[in-house]
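Below you'll find the structure, written out as structure tokens, and then a few comments.
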Amino acid sequence: MPASYPPTPYPEVNLVLDGLLPDVRAVLADRFIGMYLYGSLANGDFDSASDVDYLAVTDGEVSDETFRALDAMHQHIAALESWCAT
């Protein structure tokens with residue numbers, strides 16, 4: 001379920017995160033615990049030269065198959081036409 005407020009003050013970052021979270025949930029399925037932002041975005045030093053750091057927490061190790069699915073998901077996101085997706 002999407003948050004009722006934007007996760008960041010950056011609309012383009014929020015668009016990427018709005019696509020990322022459901023994709024991560026879908027790939028990890030019942031292994032998904034949560035997803036958290038950290039780094040410059042979380043501590044207020046973020047700018048257009050920064051990357052978006054996030055951590056997906058699982059209830060155990062992910063399989064090689066799941067890891068490949070996550071990699072494919074990252075490649076799809078990196079192909080988006082947004083400065084914050086690469």
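Ordering of the structure tokens sets the chain letters (A, B, ...), residue numbers begin anew at 1 in every chain, and ligands are numbered from 1 in the order given.
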Note to self: Among region 1-85 of chain A, which ones does DSSP assign to helix (DSSP H, G or I) (computed from the backbone)? Answer as a ChimeraX atom specification.
What the structure shows: /A:11-31,40-43,64-78
Create the file for the chosen residues now, containing C-alpha atoms and written as a short mmCIF file (atom, residue, chain, number, x, y, z; two decimals), in the first residue's frame.
data_model
loop_
_atom_site.label_atom_id
_atom_site.label_comp_id
_atom_site.auth_asym_id
_atom_site.auth_seq_id
_atom_site.Cartn_x
_atom_site.Cartn_y
_atom_site.Cartn_z
CA PRO A 11 8.77 14.43 -6.98
CA GLU A 12 10.97 12.55 -9.48
CA VAL A 13 12.50 10.42 -6.73
CA ASN A 14 9.02 9.66 -5.43
CA LEU A 15 7.93 8.47 -8.90
CA VAL A 16 10.85 6.04 -9.03
CA LEU A 17 10.20 4.84 -5.47
CA ASP A 18 6.48 4.42 -6.23
CA GLY A 19 7.47 1.94 -8.95
CA LEU A 20 10.31 0.36 -7.02
CA LEU A 21 8.44 -0.62 -3.86
CA PRO A 22 5.71 -2.71 -5.52
CA ASP A 23 8.30 -4.37 -7.76
CA VAL A 24 10.50 -5.29 -4.80
CA ARG A 25 7.45 -6.61 -2.95
CA ALA A 26 6.40 -8.68 -5.97
CA VAL A 27 9.84 -10.22 -6.46
CA LEU A 28 10.45 -10.96 -2.78
CA ALA A 29 6.83 -12.03 -2.13
CA ASP A 30 6.44 -13.51 1.37
CA ARG A 31 10.13 -12.91 2.11
CA SER A 40 22.11 11.31 1.73
CA LEU A 41 18.39 11.12 0.95
CA ALA A 42 17.57 10.16 4.52
CA ASN A 43 19.99 12.54 6.24
CA ASP A 64 19.81 -17.14 -6.92
CA GLU A 65 16.58 -17.01 -8.93
CA THR A 66 15.22 -14.19 -6.76
CA PHE A 67 18.53 -12.35 -6.98
CA ARG A 68 18.37 -12.55 -10.79
CA ALA A 69 14.80 -11.21 -10.70
CA LEU A 70 15.93 -8.30 -8.51
CA ASP A 71 18.79 -7.60 -10.92
CA ALA A 72 16.35 -7.54 -13.86
CA MET A 73 14.12 -5.17 -11.89
CA HIS A 74 17.08 -2.84 -11.26
CA GLN A 75 17.97 -2.86 -14.96
CA HIS A 76 14.37 -1.94 -15.83
CA ILE A 77 14.41 0.96 -13.35
CA ALA A 78 17.80 2.19 -14.59
#
Note to self: as a ChimeraX atom specification, please: the residues near Ser50 (chain A) (cut-off 9 Å, only C-alpha atoms, same-chain neighbours under 2 positions excluded).
What the structure shows: /A:40-41,45-48,52,84
Those same residues - C-alpha atoms - I'd like them written as an mmCIF file, in the first residue's frame.
data_model
loop_
_atom_site.group_PDB
_atom_site.id
_atom_site.type_symbol
_atom_site.label_atom_id
_atom_site.label_comp_id
_atom_site.auth_asym_id
_atom_site.auth_seq_id
_atom_site.Cartn_x
_atom_site.Cartn_y
_atom_site.Cartn_z
ATOM 1 C CA SER A 40 22.115 11.310 1.729
ATOM 2 C CA LEU A 41 18.393 11.123 0.952
ATOM 3 C CA ASP A 45 22.378 15.939 2.042
ATOM 4 C CA PHE A 46 20.693 14.721 -1.164
ATOM 5 C CA ASP A 47 21.004 16.589 -4.469
ATOM 6 C CA SER A 48 20.736 15.749 -8.172
ATOM 7 C CA VAL A 52 19.125 6.875 -4.008
ATOM 8 C CA CYS A 84 17.325 9.662 -10.265
#
Next item on the list: Can you list, as a list of chain:residue names, all residues belonging to chain A that DSSP tags as strand (DSSP E or B)?
Entry: A:Phe32, A:Ile33, A:Gly34, A:Met35, A:Tyr36, A:Leu37, A:Tyr38, A:Asp53, A:Tyr54, A:Leu55, A:Ala56, A:Val57, A:Thr58
Would you output that residue set with C-alpha atoms, as a short mmCIF file (atom, residue, chain, number, x, y, z; two decimals), in the first residue's frame?
data_model
loop_
_atom_site.label_atom_id
_atom_site.label_comp_id
_atom_site.auth_asym_id
_atom_site.auth_seq_id
_atom_site.Cartn_x
_atom_site.Cartn_y
_atom_site.Cartn_z
CA PHE A 32 9.61 -9.10 2.03
CA ILE A 33 9.78 -7.39 5.44
CA GLY A 34 10.28 -3.73 4.54
CA MET A 35 12.14 -1.16 2.48
CA TYR A 36 14.03 1.75 3.98
CA LEU A 37 15.77 4.83 2.61
CA TYR A 38 19.19 5.73 3.95
CA ASP A 53 20.16 4.43 -1.30
CA TYR A 54 17.58 1.97 -0.06
CA LEU A 55 17.63 -1.27 1.84
CA ALA A 56 15.16 -4.10 1.29
CA VAL A 57 14.85 -6.34 4.34
CA THR A 58 13.93 -10.00 3.94
#
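One finds CA of Glu61 (chain A) at 27.1 Å from CA of Ala79 (chain A).
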Notebook entry, point to check: When you draw a straight line from CA of Ala85 (chain A) to CA of Pro9 (chain A), how long is it in Å?
Noted result: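 Straight-line distance from CA of Ala85 (chain A) to CA of Pro9 (chain A) works out to 15.9 Å.
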